[in-house]
file structure16.txt (compact mmCIF, C-alpha atoms and all ligand atoms)
# COMPACT_ATOMS: atom_id res chain seq x y z
CA MET Q 1 2.33 14.57 -6.97
CA ASN Q 2 2.01 17.43 -9.44
CA GLN Q 3 5.72 17.99 -9.83
CA ARG Q 4 6.57 21.29 -11.47
CA LEU Q 5 8.96 20.87 -14.33
CA SER Q 6 11.45 23.65 -14.88
CA ALA Q 7 10.34 24.65 -18.40
CA PRO Q 8 6.73 24.88 -19.60
CA LEU Q 9 5.83 21.94 -21.80
CA SER Q 10 3.86 21.85 -25.00
CA ILE Q 11 1.18 19.29 -24.17
CA VAL Q 12 -1.39 17.84 -26.57
CA VAL Q 13 -4.52 16.65 -24.79
CA GLY Q 14 -6.36 14.28 -27.09
CA ILE Q 15 -10.03 13.88 -26.20
CA THR Q 16 -12.14 11.10 -27.69
CA GLY Q 17 -15.85 10.37 -27.61
CA GLY Q 18 -17.07 9.16 -24.25
CA ILE Q 19 -19.11 10.50 -21.35
CA ALA Q 20 -15.86 10.83 -19.38
CA ALA Q 21 -14.79 13.60 -21.81
CA PHE Q 22 -16.12 16.08 -19.25
CA LYS Q 23 -13.28 15.04 -16.90
CA ALA Q 24 -10.75 15.98 -19.60
CA VAL Q 25 -11.66 19.59 -18.87
CA SER Q 26 -10.03 19.19 -15.42
CA VAL Q 27 -6.95 17.58 -16.99
CA VAL Q 28 -6.58 20.52 -19.37
CA ARG Q 29 -7.08 23.00 -16.55
CA ALA Q 30 -4.49 21.31 -14.31
CA PHE Q 31 -1.84 21.45 -17.05
CA VAL Q 32 -2.60 25.12 -17.79
CA ARG Q 33 -2.43 25.97 -14.08
CA GLU Q 34 0.98 24.30 -13.94
CA GLY Q 35 2.10 26.77 -16.61
CA HIS Q 36 2.10 24.44 -19.62
CA ASN Q 37 0.86 25.24 -23.14
CA VAL Q 38 -2.05 22.94 -23.96
CA GLN Q 39 -3.31 22.15 -27.44
CA VAL Q 40 -6.57 20.21 -27.40
CA VAL Q 41 -7.08 17.77 -30.27
CA ALA Q 42 -10.64 16.47 -30.05
CA THR Q 43 -12.35 13.88 -32.19
CA ASP Q 44 -15.76 14.78 -33.65
CA ALA Q 45 -17.35 12.36 -31.18
CA ALA Q 46 -15.62 14.09 -28.24
CA LEU Q 47 -17.20 17.41 -29.26
CA ARG Q 48 -20.64 15.82 -28.91
CA PHE Q 49 -19.90 15.29 -25.22
CA VAL Q 50 -18.06 18.47 -24.30
CA GLY Q 51 -18.35 21.88 -25.91
CA ARG Q 52 -15.62 23.53 -27.93
CA PRO Q 53 -16.01 26.87 -26.03
CA THR Q 54 -15.39 25.12 -22.70
CA LEU Q 55 -12.21 23.50 -23.99
CA GLU Q 56 -11.01 26.72 -25.62
CA ALA Q 57 -11.62 28.71 -22.44
CA MET Q 58 -9.77 26.15 -20.33
CA SER Q 59 -6.84 25.56 -22.71
CA ARG Q 60 -6.65 29.21 -23.81
CA ASN Q 61 -6.04 27.91 -27.33
CA VAL Q 62 -8.12 27.06 -30.36
CA VAL Q 63 -9.41 23.48 -30.25
CA HIS Q 64 -8.23 21.37 -33.18
CA SER Q 65 -10.49 18.68 -34.60
CA ASP Q 66 -10.58 18.88 -38.39
CA LEU Q 67 -7.91 17.11 -40.42
CA TYR Q 68 -8.56 19.48 -43.32
CA GLU Q 69 -8.16 22.76 -41.44
CA GLY Q 70 -4.79 24.51 -41.39
CA VAL Q 71 -3.56 22.46 -44.34
CA ALA Q 72 -1.29 25.31 -45.46
CA GLU Q 73 0.67 25.02 -42.23
CA VAL Q 74 0.63 21.18 -42.43
CA ARG Q 75 -1.23 21.06 -39.14
CA HIS Q 76 -1.82 17.31 -39.26
CA VAL Q 77 1.85 16.75 -38.47
CA ALA Q 78 2.85 20.11 -36.96
CA ILE Q 79 0.90 19.64 -33.71
CA GLY Q 80 2.50 16.24 -33.03
CA GLN Q 81 5.99 17.41 -33.98
CA ALA Q 82 5.79 20.34 -31.54
CA ALA Q 83 4.51 18.24 -28.62
CA ASP Q 84 6.62 17.36 -25.57
CA LEU Q 85 3.85 15.10 -24.30
CA ILE Q 86 0.61 13.65 -25.63
CA VAL Q 87 -2.13 12.70 -23.18
CA ILE Q 88 -5.27 11.01 -24.50
CA ALA Q 89 -8.06 11.16 -21.95
CA PRO Q 90 -10.52 9.65 -22.22
CA ALA Q 91 -9.39 7.06 -24.76
CA THR Q 92 -12.23 4.95 -26.14
CA ALA Q 93 -11.81 1.31 -27.18
CA ASN Q 94 -12.07 2.53 -30.77
CA THR Q 95 -9.26 5.08 -30.42
CA ILE Q 96 -7.06 2.54 -28.60
CA ALA Q 97 -7.59 0.09 -31.46
CA LYS Q 98 -6.71 2.76 -34.02
CA LEU Q 99 -3.58 3.78 -32.09
CA ALA Q 100 -2.47 0.14 -31.86
CA ALA Q 101 -2.90 -0.27 -35.62
CA GLY Q 102 -1.34 3.11 -36.46
CA ILE Q 103 -4.47 4.36 -38.20
CA ALA Q 104 -4.50 8.07 -39.07
CA ASP Q 105 -8.00 8.80 -40.33
CA ASP Q 106 -8.49 11.80 -38.06
CA LEU Q 107 -6.38 14.65 -36.67
CA LEU Q 108 -5.59 12.83 -33.40
CA GLY Q 109 -4.30 9.73 -35.21
CA ASN Q 110 -2.06 11.90 -37.42
CA THR Q 111 -0.83 13.88 -34.43
CA VAL Q 112 0.23 10.72 -32.54
CA LEU Q 113 1.94 9.18 -35.56
CA ALA Q 114 3.85 12.38 -36.29
CA SER Q 115 5.16 12.71 -32.74
CA THR Q 116 8.16 11.29 -30.89
CA ALA Q 117 6.88 12.59 -27.53
CA PRO Q 118 5.86 10.25 -24.70
CA VAL Q 119 2.23 9.17 -25.07
CA VAL Q 120 -0.03 8.66 -22.07
CA VAL Q 121 -3.39 6.98 -22.61
CA ALA Q 122 -6.21 6.95 -20.05
CA PRO Q 123 -8.86 4.46 -21.20
CA ALA Q 124 -12.56 4.82 -20.34
CA MET Q 125 -15.26 2.42 -21.47
CA HIS Q 126 -17.73 -0.16 -20.23
CA THR Q 127 -16.24 -3.15 -18.43
CA GLU Q 128 -17.13 -5.62 -21.18
CA MET Q 129 -15.36 -3.48 -23.77
CA TRP Q 130 -12.30 -3.07 -21.54
CA LEU Q 131 -12.05 -6.79 -20.82
CA ASN Q 132 -12.65 -7.76 -24.44
CA PRO Q 133 -9.56 -9.63 -25.71
CA ALA Q 134 -9.30 -7.21 -28.64
CA THR Q 135 -9.00 -4.21 -26.33
CA GLN Q 136 -6.62 -6.05 -23.99
CA ALA Q 137 -4.40 -7.04 -26.93
CA ASN Q 138 -4.40 -3.45 -28.23
CA VAL Q 139 -3.46 -2.10 -24.79
CA ALA Q 140 -0.64 -4.67 -24.55
CA THR Q 141 0.62 -3.53 -27.97
CA LEU Q 142 0.65 0.10 -26.87
CA ARG Q 143 2.41 -0.77 -23.58
CA ALA Q 144 5.06 -2.78 -25.41
CA ARG Q 145 5.66 0.29 -27.58
CA GLY Q 146 6.29 2.37 -24.49
CA VAL Q 147 2.90 4.07 -24.14
CA THR Q 148 1.95 4.74 -20.51
CA ILE Q 149 -1.52 3.41 -19.72
CA VAL Q 150 -3.25 5.17 -16.82
CA GLY Q 151 -6.11 3.18 -15.28
CA PRO Q 152 -8.90 2.56 -15.89
CA ASP Q 153 -10.30 2.69 -12.35
CA SER Q 154 -12.96 0.37 -11.11
CA GLY Q 155 -16.29 1.86 -10.03
CA GLN Q 156 -19.66 3.19 -11.10
CA LEU Q 157 -19.96 3.52 -14.89
CA THR Q 158 -22.42 5.58 -16.92
CA GLY Q 159 -25.35 3.19 -16.63
CA ASP Q 160 -26.32 1.11 -13.61
CA ASP Q 161 -23.27 -1.08 -14.05
CA SER Q 162 -19.97 -0.83 -12.24
CA GLY Q 163 -16.56 -2.43 -12.72
CA PRO Q 164 -13.22 -1.62 -14.35
CA GLY Q 165 -13.55 0.99 -17.08
CA ARG Q 166 -13.95 4.31 -15.25
CA LEU Q 167 -11.59 7.05 -16.36
CA SER Q 168 -8.89 7.63 -13.72
CA GLU Q 169 -9.21 10.80 -11.71
CA PRO Q 170 -7.73 13.88 -13.44
CA ASP Q 171 -5.08 14.29 -10.71
CA ALA Q 172 -3.82 10.74 -11.27
CA ILE Q 173 -3.69 11.28 -15.05
CA VAL Q 174 -1.77 14.54 -14.69
CA ALA Q 175 0.69 13.01 -12.18
CA ALA Q 176 1.37 9.95 -14.36
CA ALA Q 177 1.77 12.13 -17.45
CA LEU Q 178 4.28 14.48 -15.84
CA ALA Q 179 6.16 11.49 -14.37
CA ALA Q 180 6.33 9.94 -17.85
CA VAL Q 181 7.72 13.07 -19.47
CA SER Q 182 10.24 13.84 -16.74
CA LEU Q 183 11.54 10.28 -16.76
CA THR Q 184 11.72 10.16 -20.52
CA ALA Q 185 13.79 13.30 -20.49
CA LYS Q 186 16.39 11.59 -18.31
CA ARG Q 187 16.05 7.92 -19.04
CA PRO Q 188 15.14 5.75 -22.00
CA ARG Q 189 12.00 3.64 -21.69
CA ASP Q 190 14.36 0.81 -20.93
CA LEU Q 191 11.75 -1.47 -19.37
CA ALA Q 192 9.35 -1.47 -22.34
CA GLY Q 193 8.20 -5.04 -22.99
CA LYS Q 194 9.27 -6.21 -19.50
CA ARG Q 195 6.80 -7.56 -16.98
CA VAL Q 196 7.58 -6.43 -13.46
CA LEU Q 197 5.94 -7.81 -10.33
CA VAL Q 198 6.21 -5.65 -7.20
CA THR Q 199 4.93 -6.36 -3.71
CA ALA Q 200 4.39 -3.43 -1.36
CA GLY Q 201 2.98 -2.63 2.06
CA GLY Q 202 2.77 -4.74 5.18
CA THR Q 203 0.74 -7.88 5.78
CA ARG Q 204 -1.86 -8.19 8.54
CA GLU Q 205 -2.29 -11.48 10.35
CA ALA Q 206 -5.76 -11.86 11.85
CA ILE Q 207 -6.21 -12.56 15.56
CA ASP Q 208 -10.01 -12.32 15.44
CA PRO Q 209 -12.48 -10.57 13.09
CA VAL Q 210 -11.44 -7.12 14.34
CA ARG Q 211 -7.76 -7.41 15.33
CA PHE Q 212 -4.53 -8.24 13.59
CA ILE Q 213 -0.77 -8.33 14.00
CA GLY Q 214 0.78 -5.88 11.54
CA ASN Q 215 3.87 -3.81 10.91
CA ARG Q 216 4.71 -0.21 10.15
CA SER Q 217 5.40 -0.56 6.43
CA SER Q 218 3.48 2.16 4.52
CA GLY Q 219 4.09 0.75 1.05
CA ARG Q 220 5.72 4.00 -0.16
CA GLN Q 221 8.96 2.43 -1.43
CA GLY Q 222 7.19 -0.42 -3.24
CA VAL Q 223 4.65 1.95 -4.80
CA ALA Q 224 7.51 4.22 -5.94
CA ILE Q 225 9.16 1.21 -7.62
CA ALA Q 226 5.90 0.22 -9.33
CA LEU Q 227 5.29 3.79 -10.54
CA ALA Q 228 8.86 4.21 -11.80
CA ALA Q 229 8.82 0.82 -13.58
CA ALA Q 230 5.55 1.73 -15.33
CA ALA Q 231 6.95 5.13 -16.34
CA ARG Q 232 9.97 3.33 -17.81
CA GLY Q 233 7.64 1.27 -19.98
CA ALA Q 234 7.17 -1.92 -17.95
CA ASP Q 235 3.91 -3.81 -17.63
CA VAL Q 236 3.60 -3.74 -13.84
CA THR Q 237 1.58 -5.84 -11.41
CA LEU Q 238 1.53 -4.48 -7.87
CA ILE Q 239 0.55 -6.81 -5.06
CA ALA Q 240 -0.64 -4.29 -2.50
CA ALA Q 241 -0.79 -5.23 1.17
CA ASN Q 242 -2.67 -2.61 3.19
CA LEU Q 243 -1.09 0.45 1.58
CA GLU Q 244 -1.19 3.78 3.42
CA ILE Q 245 -1.04 5.63 0.11
CA ALA Q 246 -2.94 5.33 -3.17
CA ALA Q 247 -1.70 2.74 -5.65
CA PRO Q 248 -0.58 4.18 -9.01
CA ALA Q 249 -3.17 4.17 -11.79
CA THR Q 250 -0.53 2.99 -14.29
CA VAL Q 251 -0.24 -0.54 -12.86
CA THR Q 252 -2.43 -3.60 -12.30
CA VAL Q 253 -3.19 -3.77 -8.58
CA VAL Q 254 -3.87 -7.01 -6.70
CA PRO Q 255 -4.99 -6.15 -3.15
CA VAL Q 256 -4.08 -8.64 -0.39
CA THR Q 257 -4.26 -8.63 3.39
CA SER Q 258 -2.32 -11.52 4.92
CA ALA Q 259 0.96 -13.30 4.16
CA PHE Q 260 -0.95 -16.30 2.82
CA GLU Q 261 -2.93 -14.10 0.42
CA LEU Q 262 0.28 -12.38 -0.66
CA GLN Q 263 1.85 -15.80 -1.24
CA ASP Q 264 -1.06 -16.94 -3.43
CA ALA Q 265 -1.00 -13.72 -5.47
CA ALA Q 266 2.81 -13.75 -5.83
CA GLN Q 267 2.99 -17.39 -6.84
CA ALA Q 268 0.23 -16.87 -9.41
CA ALA Q 269 1.91 -13.85 -11.00
CA ALA Q 270 5.59 -14.84 -10.66
CA PRO Q 271 5.90 -17.29 -13.59
CA ASP Q 272 5.02 -14.48 -16.06
CA ALA Q 273 7.35 -11.88 -14.53
CA ASP Q 274 10.75 -10.90 -15.92
CA VAL Q 275 11.56 -9.02 -12.72
CA ILE Q 276 10.21 -9.53 -9.19
CA VAL Q 277 10.72 -6.91 -6.50
CA MET Q 278 9.64 -8.09 -3.03
CA ALA Q 279 9.39 -4.78 -1.21
CA ALA Q 280 6.49 -5.84 1.05
CA ALA Q 281 7.06 -6.39 4.74
CA VAL Q 282 5.66 -9.87 5.21
CA ALA Q 283 4.84 -10.96 8.76
CA ASP Q 284 7.23 -13.68 9.88
CA TYR Q 285 4.62 -15.16 12.24
CA ARG Q 286 0.82 -15.45 12.34
CA PRO Q 287 -1.53 -16.49 15.15
CA ARG Q 288 -1.87 -20.28 15.25
CA LEU Q 289 -5.65 -19.92 15.73
CA VAL Q 290 -7.92 -17.15 14.46
CA ALA Q 291 -10.94 -16.66 16.73
CA ASP Q 292 -14.30 -16.73 14.94
CA ALA Q 293 -15.71 -14.02 17.21
CA LYS Q 294 -14.15 -11.00 18.90
CA ILE Q 295 -12.05 -12.06 21.89
CA LYS Q 296 -13.70 -10.57 25.01
CA LYS Q 297 -11.59 -9.34 27.92
CA GLU Q 298 -14.40 -10.28 30.29
CA GLN Q 299 -13.76 -13.90 29.36
CA GLN Q 300 -9.96 -13.71 29.10
CA GLY Q 301 -9.16 -12.07 32.42
CA ASP Q 302 -5.83 -10.25 32.99
CA GLU Q 303 -3.66 -12.16 30.55
CA LEU Q 304 -4.07 -13.26 26.98
CA THR Q 305 -1.53 -15.47 25.27
CA ILE Q 306 -1.49 -15.66 21.49
CA GLU Q 307 0.52 -18.50 20.08
CA LEU Q 308 2.30 -17.68 16.84
CA VAL Q 309 3.51 -19.97 14.09
CA LYS Q 310 5.97 -19.19 11.33
CA ASN Q 311 4.74 -17.97 7.93
CA PRO Q 312 6.18 -19.43 4.74
CA ASP Q 313 9.14 -17.53 3.29
CA ILE Q 314 7.53 -16.34 0.05
CA LEU Q 315 10.67 -14.78 -1.40
CA LYS Q 316 12.66 -17.99 -0.89
CA SER Q 317 9.88 -20.04 -2.49
CA LEU Q 318 10.03 -17.75 -5.56
CA THR Q 319 13.82 -17.88 -5.96
CA GLU Q 320 13.71 -21.69 -5.72
CA VAL Q 321 11.52 -21.92 -8.83
CA ARG Q 322 12.71 -18.86 -10.74
CA THR Q 323 12.23 -19.01 -14.49
CA PRO Q 324 15.29 -18.69 -16.77
CA GLY Q 325 16.53 -15.11 -16.88
CA GLN Q 326 14.14 -13.92 -14.17
CA ILE Q 327 15.65 -11.34 -11.82
CA ILE Q 328 14.48 -11.43 -8.20
CA ILE Q 329 15.12 -8.55 -5.82
CA GLY Q 330 14.51 -8.87 -2.07
CA PHE Q 331 14.40 -6.28 0.66
CA GLY Q 332 15.75 -6.37 4.18
CA ALA Q 333 14.80 -3.83 6.83
CA GLU Q 334 17.18 -3.99 9.79
CA THR Q 335 17.53 -2.08 13.06
CA GLU Q 336 21.31 -2.78 13.23
CA THR Q 337 23.15 0.55 13.68
CA ASP Q 338 26.70 -0.55 12.83
CA PRO Q 339 27.18 -0.24 9.01
CA ASP Q 340 29.57 -3.22 8.82
CA ALA Q 341 27.27 -5.46 10.82
CA LEU Q 342 24.34 -4.26 8.68
CA LEU Q 343 26.25 -5.28 5.58
CA GLU Q 344 26.97 -8.72 7.01
CA LEU Q 345 23.26 -9.17 7.73
CA ALA Q 346 22.51 -8.21 4.11
CA ARG Q 347 25.05 -10.71 2.77
CA ALA Q 348 23.70 -13.52 4.93
CA LYS Q 349 20.13 -12.70 3.89
CA ALA Q 350 21.00 -12.58 0.18
CA LYS Q 351 22.53 -16.03 0.48
CA ARG Q 352 19.69 -17.48 2.54
CA LYS Q 353 16.98 -16.11 0.23
CA GLY Q 354 18.73 -16.80 -3.08
CA THR Q 355 18.06 -13.31 -4.47
CA ASP Q 356 19.91 -11.72 -7.38
CA PHE Q 357 19.93 -8.42 -5.49
CA LEU Q 358 19.15 -7.68 -1.86
CA VAL Q 359 18.24 -4.10 -0.96
CA VAL Q 360 18.93 -3.40 2.68
CA ASN Q 361 17.90 -0.33 4.65
CA ARG Q 362 18.09 0.66 8.27
CA VAL Q 363 14.81 1.14 10.08
CA SER Q 364 14.06 2.51 13.52
CA TRP Q 365 11.25 4.25 15.34
CA SER Q 366 11.87 7.28 13.13
CA GLU Q 367 13.61 5.93 10.01
CA GLY Q 368 12.47 4.04 6.97
CA PHE Q 369 8.71 3.60 7.23
CA ALA Q 370 6.33 6.49 6.62
CA THR Q 371 9.14 8.81 5.51
CA GLU Q 372 9.51 10.24 2.00
CA ASP Q 373 13.25 9.44 1.81
CA ASN Q 374 15.26 6.25 2.00
CA GLU Q 375 18.88 5.16 2.09
CA VAL Q 376 19.83 1.69 0.88
CA VAL Q 377 22.77 -0.58 0.16
CA ILE Q 378 22.32 -3.25 -2.51
CA VAL Q 379 24.29 -6.51 -2.49
CA THR Q 380 24.47 -9.24 -5.12
CA ASP Q 381 24.02 -12.98 -4.63
CA THR Q 382 27.75 -13.23 -3.97
CA GLY Q 383 27.64 -10.49 -1.33
CA ASP Q 384 29.30 -7.74 -3.38
CA ILE Q 385 28.00 -4.21 -2.94
CA VAL Q 386 26.64 -3.06 -6.31
CA MET Q 387 25.09 0.20 -5.27
CA LYS Q 388 24.45 2.64 -2.47
CA ALA Q 389 21.50 4.95 -3.07
CA ALA Q 390 19.98 7.72 -0.99
CA GLY Q 391 17.26 10.28 -1.64
CA SER Q 392 13.55 10.33 -2.30
CA LYS Q 393 11.87 6.94 -2.52
CA ALA Q 394 11.24 7.74 -6.22
CA SER Q 395 14.94 8.26 -6.91
CA VAL Q 396 15.88 5.15 -4.89
CA ALA Q 397 13.27 3.27 -6.95
CA ASN Q 398 14.93 4.38 -10.19
CA SER Q 399 18.37 3.42 -8.90
CA ILE Q 400 17.08 -0.08 -8.07
CA LEU Q 401 15.49 -0.36 -11.53
CA ASP Q 402 18.78 0.70 -13.15
CA LEU Q 403 20.04 -2.74 -12.10
CA VAL Q 404 17.52 -4.46 -14.34
CA GLY Q 405 17.02 -1.93 -17.17
O1 LIG O 501 13.81 -12.35 6.47
P1 LIG O 501 13.24 -11.01 6.21
O2 LIG O 501 11.81 -10.88 6.64
O3 LIG O 501 14.08 -9.86 6.71
O4 LIG O 501 13.27 -10.86 4.61
C1 LIG O 501 12.77 -9.75 3.96
C2 LIG O 501 12.50 -10.08 2.51
O5 LIG O 501 11.85 -11.35 2.40
C3 LIG O 501 11.57 -9.09 1.88
O6 LIG O 501 11.89 -9.01 0.49
C4 LIG O 501 10.21 -9.72 2.11
O7 LIG O 501 9.27 -9.30 1.14
C5 LIG O 501 10.51 -11.20 2.01
N1 LIG O 501 9.73 -12.08 2.90
C6 LIG O 501 8.94 -13.07 2.36
N2 LIG O 501 8.24 -13.92 3.16
C7 LIG O 501 8.33 -13.83 4.51
C8 LIG O 501 9.13 -12.85 5.09
C9 LIG O 501 9.82 -11.98 4.26
O8 LIG O 501 8.87 -13.16 1.14
N3 LIG O 501 7.63 -14.67 5.25
call {"tool": "encode", "arguments": {"input": "structure16.txt", "output": "structure tokens", "more": "lines below"}}
Ligand code: C5P
result
Amino acid sequence: MNQRLSAPLSIVVGITGGIAAFKAVSVVRAFVREGHNVQVVATDAALRFVGRPTLEAMSRNVVHSDLYEGVAEVRHVAIGQAADLIVIAPATANTIAKLAAGIADDLLGNTVLASTAPVVVAPAMHTEMWLNPATQANVATLRARGVTIVGPDSGQLTGDDSGPGRLSEPDAIVAAALAAVSLTAKRPRDLAGKRVLVTAGGTREAIDPVRFIGNRSSGRQGVAIALAAAARGADVTLIAANLEIAAPATVTVVPVTSAFELQDAAQAAAPDADVIVMAAAVADYRPRLVADAKIKKEQQGDELTIELVKNPDILKSLTEVRTPGQIIIGFGAETETDPDALLELARAKAKRKGTDFLVVNRVSWSEGFATEDNEVVIVTDTGDIVMKAAGSKASVANSILDLVG
């Protein structure tokens, strides 16, 4: 998603001491290739993992690491003051703790404290350190302050172990960082401190171990909402049902397959959410029986009947137990072509589901699903139109979030 911003940015890439520091070289290179001016601020530990000449060649600037160099030009605050964006990748547990406490015992700590630019932090550490309550509390503090947290990914770590703690891929870090700075330029981080639950994608209802009943939802609109909410400072959980695209690295992802799994995940996460956006296309029906083994045509003959039973309405079950102040947004995809009739369907659905806002869009063989753009009408619980939005799924996402910001 490497969007090109109109003017080159002054970007500080903070590098701290971890094996993943080698991946920071690709982050620096990507920003430079996009035409931005990159100042690397490395901790002493980072320079044990990656060489100063490499970083200077890639950034085309001197690498800063010593708090007591450039004192005459007050470098310890000048770098932060000049920055449009600060990206710390990799961020160790130690650096995250220092950032959370506002400690400035090295050049990077001073740079962050002296800056008003958006800060993007990409943690990398062993799973135990990441899951440690101290680290989790520090990350929550940074998020609440509006810092964008990218990742970490789950996968092979430096030793034989694997789990959450891997630095996100450089492309994902760069995309999240540029999204953070472009949004901040236009919008305040109005969702900082809010917990947003988003469902996206389409459920699959098993027929047998190899087949399912599904739908054409790609998950693009829900993912765009999750990404935009995170960029606006929210702590986002994304319940992801069979996405066709990668989930953002700035959110907590809960993968699910079927409507029942989505229901379990949604009901577990809902009580803690300030805002719930049900963008997923949940199957209305599932096969009554799921065959244990693959259904064989040799045994079935020319006809096969699959009996379907209704799935629970997850959205309705959430609105019935909503917590005080919680805002619940539902979606409705309709094939109705007449705009007035479409609106009536939206009003009836908003009433039936008990949503605060119902986002309705027209779908057809060619509209709505795998496309990059969307066009929606949003109605309130009383059936009033509050908004019509059209454009990229990212801009529609931001329009929807404007209702709760
Ligand atoms: O009734 P319909 O399927 O059009 O409603 C769509 C909205 O309801 C979406 O927000 C979808 O996520 C949600 N839904 C649900 N549980 C179902 C079916 C739909 O939560 N079983």
call {"tool": "closest_residue", "arguments": {"input": "structure16.txt", "among": "Q:Arg29, Q:Lys349, Q:Lys393, Q:His76", "to": "ligand LIG 501 (chain O)", "atoms": "only C-alpha atoms and all ligand atoms"}}
result
Q:Lys349
call {"tool": "residues_near_ligand", "arguments": {"input": "structure16.txt", "ligand": "ligand LIG 501 (chain O)", "cutoff": "6 Å", "atoms": "all atoms listed in the file", "output": "number ranges by chain"}}
result
Q: 278-284, 311-315, 330-332
call {"tool": "atom_distance", "arguments": {"input": "structure16.txt", "atom1": "atom CA of Q:Gly70", "atom2": "atom CA of Q:Leu9"}}
result
22.4 Å
call {"tool": "closest_residue", "arguments": {"input": "structure16.txt", "among": "Q:Ile149, Q:Ile306, Q:Val275, Q:Ala268", "to": "Q:Thr252", "atoms": "only C-alpha atoms"}}
result
Q:Ile149
call {"tool": "axis_aligned_box", "arguments": {"input": "structure16.txt", "around": "stretch 53-60 of chain Q", "padding_each_side": "3 Å", "output": "lines of an AutoDock Vina configuration file"}}
result
center_x = -11.3
center_y = 26.4
center_z = -23.2
size_x = 15.4
size_y = 11.7
size_z = 11.7
call {"tool": "residues_around", "arguments": {"input": "structure16.txt", "residues": "stretch 327-329 of chain Q", "least_positions_apart": "2", "cutoff": "6 Å", "atoms": "only C-alpha atoms", "output": "ChimeraX atom specification"}}
result
/Q:275-277,355-358
call {"tool": "atom_distance", "arguments": {"input": "structure16.txt", "atom1": "atom CA of Q:Thr127", "atom2": "atom CA of Q:Thr257"}}
result
25.5 Å
call {"tool": "atom_distance", "arguments": {"input": "structure16.txt", "atom1": "atom CA of Q:Ile86", "atom2": "atom CA of Q:Asn37"}}
result
11.9 Å
